[in-house]
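*Asks:* My structure is in protein.cif, and what it holds is mmCIF, C-alpha atoms and all ligand atoms:
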```cif
data_target
loop_
_atom_site.label_atom_id
_atom_site.label_comp_id
_atom_site.auth_asym_id
_atom_site.auth_seq_id
_atom_site.Cartn_x
_atom_site.Cartn_y
_atom_site.Cartn_z
CA MET A 1 32.22 54.66 37.99
CA GLU A 2 31.11 55.78 41.50
CA GLN A 3 28.77 58.75 41.27
CA PRO A 4 28.50 61.33 44.07
CA ALA A 5 25.04 61.71 45.66
CA ILE A 6 22.70 63.99 43.73
CA LYS A 7 21.95 67.26 45.54
CA HIS A 8 19.91 69.30 43.11
CA VAL A 9 17.67 68.13 40.25
CA ALA A 10 16.18 69.85 37.23
CA VAL A 11 12.99 68.31 35.82
CA ILE A 12 12.36 69.42 32.26
CA GLY A 13 8.67 69.25 31.30
CA ALA A 14 5.78 70.07 33.60
CA GLY A 15 3.17 67.80 32.10
CA ALA A 16 1.58 65.18 34.35
CA TRP A 17 4.69 62.98 34.47
CA GLY A 18 7.36 65.66 34.92
CA THR A 19 5.28 67.22 37.68
CA ALA A 20 4.73 63.86 39.42
CA LEU A 21 8.46 63.02 39.28
CA ALA A 22 9.44 66.48 40.51
CA ARG A 23 6.97 66.18 43.37
CA HIS A 24 8.27 62.71 44.23
CA LEU A 25 11.87 63.96 44.57
CA ALA A 26 10.83 67.16 46.35
CA GLU A 27 8.92 65.07 48.91
CA LYS A 28 12.26 63.33 49.58
CA GLN A 29 13.60 66.80 50.50
CA ILE A 30 15.72 66.97 47.34
CA PRO A 31 15.67 70.52 45.91
CA VAL A 32 14.02 70.32 42.49
CA CYS A 33 13.47 72.97 39.86
CA LEU A 34 10.71 72.15 37.37
CA TRP A 35 10.78 73.73 33.91
CA ALA A 36 7.36 74.37 32.37
CA HIS A 37 6.81 75.32 28.74
CA GLU A 38 3.64 77.27 29.52
CA PRO A 39 3.80 80.44 31.69
CA GLU A 40 0.30 79.65 33.04
CA VAL A 41 1.63 76.41 34.55
CA VAL A 42 4.38 78.39 36.31
CA ARG A 43 1.82 80.88 37.62
CA ALA A 44 -0.55 78.16 38.85
CA ILE A 45 2.22 76.37 40.76
CA GLN A 46 3.65 79.58 42.22
CA LEU A 47 0.24 80.87 43.33
CA GLY A 48 -1.53 77.70 44.46
CA ARG A 49 1.20 74.97 44.71
CA GLU A 50 -0.78 72.98 42.14
CA ASN A 51 -0.31 72.22 38.41
CA THR A 52 -3.95 72.87 37.60
CA VAL A 53 -3.35 72.33 33.87
CA TYR A 54 -1.71 68.88 33.81
CA LEU A 55 -1.87 67.37 37.32
CA PRO A 56 -4.78 68.88 39.22
CA ASP A 57 -5.61 68.16 42.87
CA VAL A 58 -2.02 67.36 43.83
CA LEU A 59 -0.28 69.64 46.33
CA LEU A 60 3.35 70.44 45.43
CA PRO A 61 5.83 70.90 48.32
CA PRO A 62 7.96 74.03 48.84
CA THR A 63 11.15 72.09 47.98
CA LEU A 64 9.84 72.22 44.38
CA SER A 65 10.45 75.49 42.52
CA VAL A 66 9.19 76.22 39.02
CA THR A 67 10.28 78.41 36.13
CA ASN A 68 9.82 78.74 32.40
CA VAL A 69 13.40 79.92 31.92
CA LEU A 70 15.46 76.85 31.00
CA ALA A 71 18.75 78.36 32.15
CA ASP A 72 17.28 78.98 35.62
CA ALA A 73 15.93 75.42 35.85
CA ILE A 74 19.29 73.91 34.96
CA ALA A 75 21.56 76.23 36.99
CA GLY A 76 23.30 74.24 39.73
CA ALA A 77 21.59 70.94 38.83
CA ASP A 78 23.71 67.80 39.06
CA CYS A 79 21.04 65.63 37.40
CA LEU A 80 18.43 66.36 34.75
CA ILE A 81 15.14 64.44 34.37
CA PHE A 82 13.72 64.86 30.90
CA ALA A 83 9.93 64.50 30.61
CA VAL A 84 8.71 66.37 27.55
CA PRO A 85 6.75 64.56 24.82
CA SER A 86 8.91 62.98 22.11
CA HIS A 87 7.80 65.32 19.31
CA VAL A 88 9.43 68.31 21.06
CA ALA A 89 12.38 66.40 22.57
CA ARG A 90 14.99 67.48 20.02
CA ALA A 91 13.96 71.14 20.14
CA VAL A 92 14.09 71.27 23.94
CA LEU A 93 17.37 69.28 24.09
CA SER A 94 18.97 71.67 21.58
CA ARG A 95 18.17 74.56 23.93
CA ILE A 96 19.56 72.59 26.89
CA ALA A 97 22.78 71.72 25.02
CA VAL A 98 24.01 75.31 25.00
CA LEU A 99 23.23 75.70 28.71
CA LEU A 100 24.95 72.64 30.20
CA PRO A 101 28.55 73.55 31.13
CA GLN A 102 29.58 69.92 31.71
CA PRO A 103 28.05 66.45 31.33
CA ILE A 104 25.64 65.41 34.11
CA PRO A 105 23.32 62.37 34.25
CA LEU A 106 20.37 62.86 31.86
CA VAL A 107 17.39 60.65 32.65
CA SER A 108 14.78 60.30 29.93
CA ALA A 109 11.27 59.70 31.27
CA THR A 110 9.79 60.27 27.80
CA LYS A 111 8.09 57.36 26.04
CA GLY A 112 8.24 57.73 22.30
CA ILE A 113 10.22 57.55 19.07
CA GLU A 114 11.19 60.60 17.01
CA GLU A 115 8.90 60.45 14.00
CA GLU A 116 11.22 62.03 11.43
CA THR A 117 14.43 60.14 12.28
CA LEU A 118 13.04 57.03 14.06
CA ALA A 119 15.53 57.75 16.87
CA LEU A 120 14.93 56.78 20.48
CA VAL A 121 15.20 59.64 22.98
CA THR A 122 18.70 58.67 24.20
CA GLN A 123 19.81 58.59 20.55
CA VAL A 124 18.48 62.13 20.12
CA MET A 125 20.33 63.07 23.33
CA GLN A 126 23.57 61.64 21.94
CA ALA A 127 23.15 63.55 18.68
CA VAL A 128 22.32 66.86 20.35
CA LEU A 129 24.69 66.57 23.34
CA PRO A 130 27.75 64.76 21.93
CA ALA A 131 29.87 65.63 25.00
CA HIS A 132 27.58 63.43 27.08
CA MET A 133 29.03 59.94 27.20
CA GLN A 134 26.69 56.99 26.74
CA GLY A 135 27.15 56.26 30.50
CA SER A 136 25.48 59.51 31.55
CA LEU A 137 22.30 58.77 29.55
CA LEU A 138 19.58 56.86 31.41
CA VAL A 139 15.97 55.85 30.89
CA LEU A 140 13.27 55.57 33.54
CA SER A 141 10.29 53.56 32.35
CA GLY A 142 7.61 51.11 33.43
CA PRO A 143 4.00 51.02 34.62
CA SER A 144 3.40 54.43 36.18
CA PHE A 145 0.34 56.61 35.91
CA ALA A 146 1.39 60.08 37.08
CA SER A 147 -1.82 60.52 39.06
CA GLU A 148 -1.08 57.40 41.15
CA VAL A 149 2.61 58.19 41.71
CA SER A 150 1.67 61.68 42.85
CA ARG A 151 -0.68 60.17 45.44
CA GLY A 152 2.08 57.97 46.84
CA LYS A 153 0.61 54.71 45.51
CA PRO A 154 3.16 51.86 45.29
CA THR A 155 4.93 51.85 41.92
CA ALA A 156 7.83 49.84 40.49
CA LEU A 157 9.90 51.05 37.55
CA CYS A 158 13.11 50.21 35.79
CA LEU A 159 16.08 52.46 35.24
CA ALA A 160 18.40 51.63 32.36
CA GLY A 161 21.88 52.96 31.89
CA GLN A 162 25.27 51.68 30.81
CA ASP A 163 27.41 52.92 33.69
CA ALA A 164 26.57 50.82 36.76
CA GLY A 165 27.82 53.54 39.16
CA VAL A 166 25.61 56.22 37.62
CA VAL A 167 22.62 53.87 37.54
CA LYS A 168 23.13 53.08 41.24
CA ALA A 169 23.24 56.77 42.16
CA ILE A 170 20.05 57.60 40.23
CA GLN A 171 18.33 54.46 41.55
CA ALA A 172 19.08 55.69 45.09
CA LEU A 173 17.85 59.16 44.15
CA PHE A 174 14.38 57.84 43.23
CA MET A 175 13.86 54.96 45.69
CA THR A 176 11.31 55.34 48.50
CA PRO A 177 9.13 52.77 50.29
CA ASN A 178 6.44 53.47 47.67
CA PHE A 179 8.67 53.92 44.63
CA ARG A 180 10.83 50.95 43.81
CA VAL A 181 13.40 51.12 41.02
CA TYR A 182 15.09 48.14 39.36
CA ALA A 183 18.41 48.65 37.56
CA ASP A 184 18.94 47.53 33.97
CA ASP A 185 21.43 48.15 31.19
CA ASP A 186 19.27 47.69 28.08
CA LEU A 187 18.67 51.25 26.87
CA ILE A 188 17.14 50.13 23.57
CA GLY A 189 14.82 47.48 25.02
CA VAL A 190 13.54 49.66 27.86
CA GLN A 191 12.82 52.57 25.50
CA LEU A 192 11.18 50.40 22.84
CA GLY A 193 8.95 48.78 25.47
CA GLY A 194 7.79 52.17 26.78
CA ALA A 195 7.14 53.51 23.29
CA LEU A 196 5.51 50.49 21.65
CA LYS A 197 3.16 49.72 24.53
CA ASN A 198 1.40 53.00 23.72
CA VAL A 199 0.55 51.69 20.23
CA MET A 200 -0.75 48.45 21.73
CA ALA A 201 -2.79 50.49 24.23
CA LEU A 202 -4.51 52.26 21.34
CA ALA A 203 -5.33 48.87 19.84
CA ALA A 204 -6.56 47.51 23.20
CA GLY A 205 -8.74 50.60 23.55
CA VAL A 206 -10.27 49.92 20.13
CA VAL A 207 -11.03 46.35 21.26
CA ASP A 208 -12.72 47.73 24.39
CA GLY A 209 -14.54 50.46 22.47
CA LEU A 210 -15.97 47.80 20.16
CA GLU A 211 -16.89 45.73 23.26
CA LEU A 212 -15.11 42.66 21.89
CA GLY A 213 -14.52 41.17 25.33
CA HIS A 214 -11.75 40.05 27.65
CA ASN A 215 -10.54 37.20 25.42
CA ALA A 216 -9.84 39.62 22.59
CA ARG A 217 -8.00 42.04 24.85
CA ALA A 218 -5.80 39.27 26.31
CA ALA A 219 -5.00 38.06 22.80
CA LEU A 220 -4.16 41.60 21.71
CA ILE A 221 -1.77 42.13 24.64
CA THR A 222 -0.03 38.79 24.07
CA ARG A 223 0.35 39.15 20.31
CA GLY A 224 1.33 42.80 20.81
CA LEU A 225 4.15 41.65 23.07
CA ALA A 226 5.30 39.21 20.37
CA GLU A 227 5.52 42.11 17.89
CA MET A 228 7.41 44.27 20.38
CA ILE A 229 9.97 41.53 20.99
CA ARG A 230 10.42 40.91 17.24
CA LEU A 231 11.25 44.55 16.60
CA GLY A 232 13.34 44.79 19.77
CA VAL A 233 15.52 41.82 18.84
CA ALA A 234 16.00 43.21 15.32
CA MET A 235 17.16 46.48 16.88
CA GLY A 236 19.64 44.86 19.27
CA ALA A 237 17.54 44.75 22.48
CA ASP A 238 17.62 41.88 24.96
CA PRO A 239 14.32 39.98 24.52
CA ARG A 240 14.15 39.41 28.32
CA THR A 241 13.75 43.16 28.82
CA PHE A 242 10.25 42.94 27.30
CA TYR A 243 9.15 40.50 30.04
CA GLY A 244 10.01 43.14 32.65
CA LEU A 245 8.39 46.29 33.97
CA SER A 246 9.04 48.40 30.86
CA GLY A 247 7.52 45.72 28.62
CA VAL A 248 4.86 43.40 30.02
CA GLY A 249 4.41 45.59 33.11
CA ASP A 250 3.55 48.72 31.17
CA LEU A 251 1.57 46.77 28.54
CA ILE A 252 -0.70 45.36 31.25
CA LEU A 253 -1.19 48.76 32.86
CA THR A 254 -1.79 50.74 29.71
CA CYS A 255 -3.88 48.17 27.85
CA THR A 256 -6.21 47.60 30.81
CA GLY A 257 -6.11 50.80 32.85
CA PRO A 258 -8.86 53.33 32.23
CA LEU A 259 -6.41 56.07 33.31
CA SER A 260 -4.36 55.59 30.12
CA ARG A 261 -4.71 58.40 27.58
CA ASN A 262 -3.67 56.06 24.76
CA HIS A 263 -6.20 53.45 25.78
CA SER A 264 -8.94 56.07 26.01
CA VAL A 265 -8.13 57.39 22.51
CA GLY A 266 -8.50 53.80 21.27
CA VAL A 267 -11.85 53.39 23.07
CA ARG A 268 -13.18 56.54 21.41
CA LEU A 269 -11.96 55.36 17.99
CA GLY A 270 -13.68 52.03 18.60
CA LYS A 271 -16.89 53.85 19.43
CA GLY A 272 -16.76 55.63 16.09
CA GLU A 273 -15.21 59.04 16.83
CA ARG A 274 -12.69 60.49 14.39
CA LEU A 275 -9.04 60.91 15.36
CA GLU A 276 -8.88 64.66 14.65
CA GLY A 277 -11.85 65.32 16.94
CA ILE A 278 -10.43 63.17 19.72
CA LEU A 279 -7.02 64.84 19.61
CA ALA A 280 -8.58 68.32 19.43
CA SER A 281 -10.47 67.56 22.66
CA MET A 282 -7.28 66.66 24.61
CA GLN A 283 -4.57 68.89 26.05
CA ALA A 284 -2.54 65.89 27.20
CA VAL A 285 -0.44 63.90 24.76
CA ALA A 286 -1.25 60.37 23.56
CA GLU A 287 2.23 59.36 22.39
CA GLY A 288 0.98 56.20 20.69
CA VAL A 289 -0.50 58.14 17.77
CA ARG A 290 2.88 59.42 16.56
CA THR A 291 4.70 56.28 17.70
CA ALA A 292 2.40 54.11 15.55
CA LYS A 293 3.86 55.68 12.39
CA ALA A 294 7.43 55.50 13.65
CA ALA A 295 7.00 51.86 14.72
CA LEU A 296 5.70 50.89 11.28
CA ASP A 297 8.65 52.64 9.60
CA LEU A 298 11.06 50.87 11.96
CA ALA A 299 9.38 47.54 11.22
CA LEU A 300 9.80 48.14 7.48
CA ARG A 301 13.42 49.21 7.96
CA CYS A 302 14.20 46.09 10.03
CA GLY A 303 12.18 43.70 7.86
CA VAL A 304 9.96 42.73 10.79
CA ASP A 305 6.26 41.81 10.59
CA MET A 306 4.07 43.93 12.94
CA PRO A 307 0.45 43.28 11.92
CA ILE A 308 -1.14 45.01 14.92
CA VAL A 309 0.99 48.12 14.40
CA GLN A 310 0.04 48.01 10.72
CA GLU A 311 -3.70 47.87 11.50
CA VAL A 312 -3.42 50.65 14.10
CA ASN A 313 -1.84 52.82 11.39
CA ALA A 314 -4.61 51.97 8.95
CA VAL A 315 -7.27 52.96 11.52
CA LEU A 316 -5.46 56.16 12.55
CA PHE A 317 -4.31 57.46 9.19
CA ALA A 318 -6.19 55.66 6.40
CA ASP A 319 -9.74 55.80 7.75
CA LYS A 320 -9.97 52.02 8.02
CA ALA A 321 -13.00 50.88 10.01
CA CYS A 322 -12.00 49.47 13.43
CA ARG A 323 -14.12 46.36 12.93
CA GLN A 324 -12.47 45.67 9.57
CA ALA A 325 -9.01 46.04 11.16
CA VAL A 326 -9.89 43.48 13.85
CA GLY A 327 -11.38 41.17 11.21
CA ASP A 328 -8.24 41.38 9.08
CA LEU A 329 -6.05 40.51 12.08
CA MET A 330 -8.23 37.52 12.97
CA GLU A 331 -8.28 36.23 9.39
CA ARG A 332 -4.57 36.27 8.70
CA GLU A 333 -3.22 32.94 7.47
CA ALA A 334 -2.76 30.25 10.14
CA LYS A 335 0.59 30.50 11.97
CA GLY A 336 2.68 28.88 14.67
CA GLU A 337 2.66 30.84 17.92
CA LYS A 338 6.43 31.24 17.88
CA SER A 339 6.72 31.88 14.14
CA PRO A 340 8.71 35.01 13.25
CA SER A 341 5.80 36.76 11.54
N1 LIG A 401 1.31 60.95 32.22
C1 LIG A 401 1.84 59.81 32.66
O1 LIG A 401 1.26 59.12 33.52
C2 LIG A 401 3.17 59.34 32.11
C3 LIG A 401 3.83 58.32 32.77
C4 LIG A 401 5.05 57.86 32.27
C5 LIG A 401 5.60 58.44 31.13
N2 LIG A 401 4.92 59.45 30.51
C6 LIG A 401 5.57 60.05 29.32
O2 LIG A 401 6.07 61.33 29.70
C7 LIG A 401 6.12 62.18 28.54
C8 LIG A 401 5.42 63.49 28.91
O3 LIG A 401 4.05 63.20 29.10
P1 LIG A 401 3.15 63.93 30.18
O4 LIG A 401 2.05 62.99 30.50
O5 LIG A 401 3.97 64.45 31.29
O6 LIG A 401 2.63 65.18 29.35
P2 LIG A 401 1.14 65.79 29.34
O7 LIG A 401 0.38 65.13 28.25
O8 LIG A 401 0.57 65.77 30.71
O9 LIG A 401 1.42 67.30 28.95
C9 LIG A 401 1.93 67.71 27.69
C10 LIG A 401 3.33 68.24 27.91
O10 LIG A 401 3.85 68.68 26.66
C11 LIG A 401 4.51 69.91 26.87
N3 LIG A 401 4.63 70.63 25.62
C12 LIG A 401 3.69 70.84 24.68
N4 LIG A 401 4.22 71.58 23.66
C13 LIG A 401 5.50 71.82 24.00
C14 LIG A 401 6.57 72.49 23.36
N5 LIG A 401 6.43 73.07 22.18
N6 LIG A 401 7.77 72.53 23.98
C15 LIG A 401 7.94 71.94 25.18
N7 LIG A 401 6.97 71.27 25.83
C16 LIG A 401 5.78 71.22 25.23
C17 LIG A 401 3.61 70.60 27.88
O11 LIG A 401 4.26 71.68 28.47
C18 LIG A 401 3.40 69.45 28.85
O12 LIG A 401 4.53 69.33 29.68
C19 LIG A 401 5.43 61.40 27.42
O13 LIG A 401 6.42 60.82 26.61
C20 LIG A 401 4.64 60.33 28.16
O14 LIG A 401 4.47 59.15 27.37
C21 LIG A 401 3.73 59.92 30.97
O1 LIG A 402 -1.70 57.67 29.83
P1 LIG A 402 -0.74 56.99 28.89
O2 LIG A 402 -1.41 56.06 27.95
O3 LIG A 402 0.15 57.99 28.22
O4 LIG A 402 0.22 56.08 29.80
C1 LIG A 402 0.93 56.66 30.86
C2 LIG A 402 2.12 55.83 31.27
O5 LIG A 402 3.00 55.64 30.18
C3 LIG A 402 1.76 54.52 31.90
O6 LIG A 402 2.92 53.83 32.31
#
```
Can the structure from this file be put into structure tokens for me?
Ligand SMILES: NC(=O)c1ccc[n+]([C@@H]2O[C@H](COP(=O)([O-])OP(=O)(O)OC[C@H]3O[C@@H](n4cnc5c(N)ncnc54)[C@H](O)[C@@H]3O)[C@@H](O)[C@H]2O)c1
Ligand SMILES: O=P(O)(O)OC[C@H](O)CO

*Replies:*
Amino acid sequence: MEQPAIKHVAVIGAGAWGTALARHLAEKQIPVCLWAHEPEVVRAIQLGRENTVYLPDVLLPPTLSVTNVLADAIAGADCLIFAVPSHVARAVLSRIAVLLPQPIPLVSATKGIEEETLALVTQVMQAVLPAHMQGSLLVLSGPSFASEVSRGKPTALCLAGQDAGVVKAIQALFMTPNFRVYADDDLIGVQLGGALKNVMALAAGVVDGLELGHNARAALITRGLAEMIRLGVAMGADPRTFYGLSGVGDLILTCTGPLSRNHSVGVRLGKGERLEGILASMQAVAEGVRTAKAALDLALRCGVDMPIVQEVNAVLFADKACRQAVGDLMEREAKGEKSPS
């Protein structure tokens, strides 16, 4: 289906990522209204053109307006970018559902799995907004630190959706010489990649916090990818998706980049801090903590072996010592590299 050009965008969620995406579109002279949950974020942007809470030191252009009234953010929008953390996705979508007069493209930029239902964000969207056809639901994912995107550093992402015309229109909406978007149609694979890489980033952080070296980190990333593909295939994803930007691309970035919140939580765990203390010290969200539980439940549901995910859960929620978790992974019975467990 051919989709008319997008003229006005609502970005829902003014954390680091929502703000960076809103800024990116506003710099392209596309009118954008950003919805922020916190009134202090609205005030900071209105007074100083800066989201001092979640994306400091980035100037926001006048084409970007901000509000904490959802109805005002959505009014007149012909596309909605959804960038709130997964644990509040359903609540925010339920408020949006009563405000949207007709279906428009909904692009999820959230990376996570709903803990209670194990649903991916587009599945939550379908449940909460049943009038929205599958073709109007899209996912933008891949290696993208908000702080780099908001400084115009070159970034490549993938955009998944099941209506090629809608995907093409949203791809064109985002593309700039420094922001390259590849089209895809694997909603499940792209979302699983973006969610599960956060769990692997926690594990990679633990490896770095324990100073176990580059070999260990490379092994973790590679075996983490094998787990992601196993679960993805069991859930109907195309295994090739995991070799793309939303899989390997984001795994490399998040497992090696010091800018990753998930990786830095893992480093602090590896150095002996307790999870509660780490989370209490952060305003930003490390999605991998909640996703670790959801991923383990999905693995059990699908009958898939995910030993790294299992050990991350033991460290996060059962007080298992990081060194013991690494030892238990290393001492599993001998296996073939392509074996299904
Ligand atoms: N930060 C990045 O570089 C980046 C890049 C790609 C994807 N993401 C994903 O984007 C999503 C949002 O992350 P972020 O980094 O923008 O957030 P953040 O950690 O910078 O900020 C937290 C966000 O949660 C919101 N929030 C907290 N409680 C809320 C509530 N009750 N209702 C509504 N909103 C509430 C805050 O307003 C804020 O927008 C996550 O799924 C993340 O994995 C982040
Ligand atoms: O800082 P993190 O760990 O939430 O990662 C941010 C993005 O998902 C990287 O692509």

*Asks:* Which polymer residues have any atom within 9 Å of an atom of A:Val248, counting all atoms listed in the file, with same-chain residues fewer than 3 positions away left out, as a PyMOL selection string?

*Replies:* chain A and resi 142-143+193+197+221-222+225+241-245+251-253

*Asks:* Once you have the residues from the selection above, write them out as an mmCIF file, in the frame of the given file, restricted to C-alpha atoms.

*Replies:*
```cif
data_model
loop_
_atom_site.group_PDB
_atom_site.id
_atom_site.type_symbol
_atom_site.label_atom_id
_atom_site.label_comp_id
_atom_site.auth_asym_id
_atom_site.auth_seq_id
_atom_site.Cartn_x
_atom_site.Cartn_y
_atom_site.Cartn_z
ATOM 1 C CA GLY A 142 7.610 51.110 33.430
ATOM 2 C CA PRO A 143 4.000 51.020 34.620
ATOM 3 C CA GLY A 193 8.950 48.780 25.470
ATOM 4 C CA LYS A 197 3.160 49.720 24.530
ATOM 5 C CA ILE A 221 -1.770 42.130 24.640
ATOM 6 C CA THR A 222 -0.030 38.790 24.070
ATOM 7 C CA LEU A 225 4.150 41.650 23.070
ATOM 8 C CA THR A 241 13.750 43.160 28.820
ATOM 9 C CA PHE A 242 10.250 42.940 27.300
ATOM 10 C CA TYR A 243 9.150 40.500 30.040
ATOM 11 C CA GLY A 244 10.010 43.140 32.650
ATOM 12 C CA LEU A 245 8.390 46.290 33.970
ATOM 13 C CA LEU A 251 1.570 46.770 28.540
ATOM 14 C CA ILE A 252 -0.700 45.360 31.250
ATOM 15 C CA LEU A 253 -1.190 48.760 32.860
#
```

*Asks:* Determine, counting only C-alpha atoms, which protein, DNA and RNA residues have an atom within 8 Å of an atom of A:Gly112; residues of the same chain fewer than 2 positions away are not included. Present the result as number ranges by chain.

*Replies:* A: 85-86, 110, 114, 120-121, 191-192, 194-196, 287-288, 291

*Asks:* For stretch 24-33 of chain A, find every residue with an atom within 12 Å (counting all atoms listed in the file), except residues of its own chain fewer than 5 positions away, and show them as a PyMOL selection string.

*Replies:* chain A and resi 5-14+17-19+42+45+58-81+146-153+155+170-179

*Asks:* Could I get the residue neighbourhood of ligand LIG 402 (chain A) at 6 Å, counting all atoms listed in the file, as a count of residues only?

*Replies:* 12

*Asks:* Between atom CA of A:Glu331 and atom CA of A:Glu273, what distance in Å does the model show, to one decimal?

*Replies:*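 These atoms are spaced 25.0 Å apart.
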
*Asks:* Counting all atoms listed in the file, which residue out of A:Ala119, A:Val107, A:Val207, A:Ala156 sits closest to A:Ser136?

*Replies:*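 Checking each candidate against A:Ser136, we get A:Val107 as the closest.
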
*Asks:* Could you state the separation of atom CA of A:Leu47 and atom CA of A:Trp35 in Å, given to one decimal place?

*Replies:*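 Distance reported for this atom pair: 15.8 Å.
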
*Asks:* Compute the distance from (-9.2, 55.0, 24.8) to each atom, counting all atoms listed in the file, keep the residues with any atom at most 12 Å away, and return them as a ChimeraX atom specification; use the coordinates of the file.

*Replies:* /A:198-210,254-273,275,278-279,282,286,288-289

*Asks:* In Å to one decimal, how far is atom CA of A:Leu187 from atom CA of A:Pro105?

*Replies:*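 That distance, rounded to one decimal, is 14.1 Å.
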
*Asks:* From (22.1, 62.6, 20.2), in the file's coordinates, out to 12 Å: which residues are reached, counting all atoms listed in the file? Answer as a list in words.

*Replies:*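 Every polymer residue passing the test: Ala89, Arg90, Ala91, Leu93, Ser94, Ala97, Leu106, Glu114, Thr117, Ala119, Leu120, Val121, Thr122, Gln123, Val124, Met125, Gln126, Ala127, Val128, Leu129, Pro130, Ala131, His132, Met133, Gln134 and Leu137 of chain A.
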
*Asks:* With only C-alpha atoms as the counted atoms, please give the residues lying no more than 10 Å from A:Gln283, apart from itself and same-chain residues fewer than 6 positions off, as a list in words.

*Replies:*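 Listed by chain and then number, they are Gly15, Val53 and Tyr54 of chain A.
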
*Asks:* Quick one: of A:Val312, A:Leu212, A:Leu138, A:Val92, who's nearest to ligand LIG 401 (chain A), counting all atoms listed in the file?

*Replies:*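 Of A:Val312, A:Leu212, A:Leu138, A:Val92, the one nearest ligand LIG 401 (chain A) is A:Val92, counting all atoms listed in the file.
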
*Asks:* Mind checking which residues fall within 6 Å of A:Leu55, counting only C-alpha atoms, ignoring those fewer than 3 positions away in the same chain, and posting them as a list in words?

*Replies:*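 Contacts, in chain order: Ala16, Asn51 and Thr52 of chain A.
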
*Asks:* My list of candidates is A:Ser108, A:Asn313, A:Gln102, A:Gln46. Which is closest to ligand LIG 401 (chain A) when distances are computed with all atoms listed in the file?

*Replies:*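 Distance minimum relative to ligand LIG 401 (chain A) lands on A:Ser108.
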
*Asks:* Measuring between only C-alpha atoms and all ligand atoms, which one of A:Leu316, A:Val285, A:Ala292, A:Val233 shows the shortest distance to ligand LIG 401 (chain A)?

*Replies:*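 Looking only at the distances to ligand LIG 401 (chain A), the closest residue turns out to be A:Val285.
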
*Asks:* Nearest to ligand LIG 401 (chain A): which of A:Leu329, A:Leu99, A:Leu140, A:Ile308 is it, counting all atoms listed in the file?

*Replies:*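 Nearest to ligand LIG 401 (chain A): A:Leu140.
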
*Asks:* Could you check which of A:Arg290, A:Arg230, A:Leu118, A:Cys322 is closest to ligand LIG 401 (chain A), using all atoms listed in the file?

*Replies:*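 Residue with the minimum atom-to-atom distance to ligand LIG 401 (chain A): A:Arg290.
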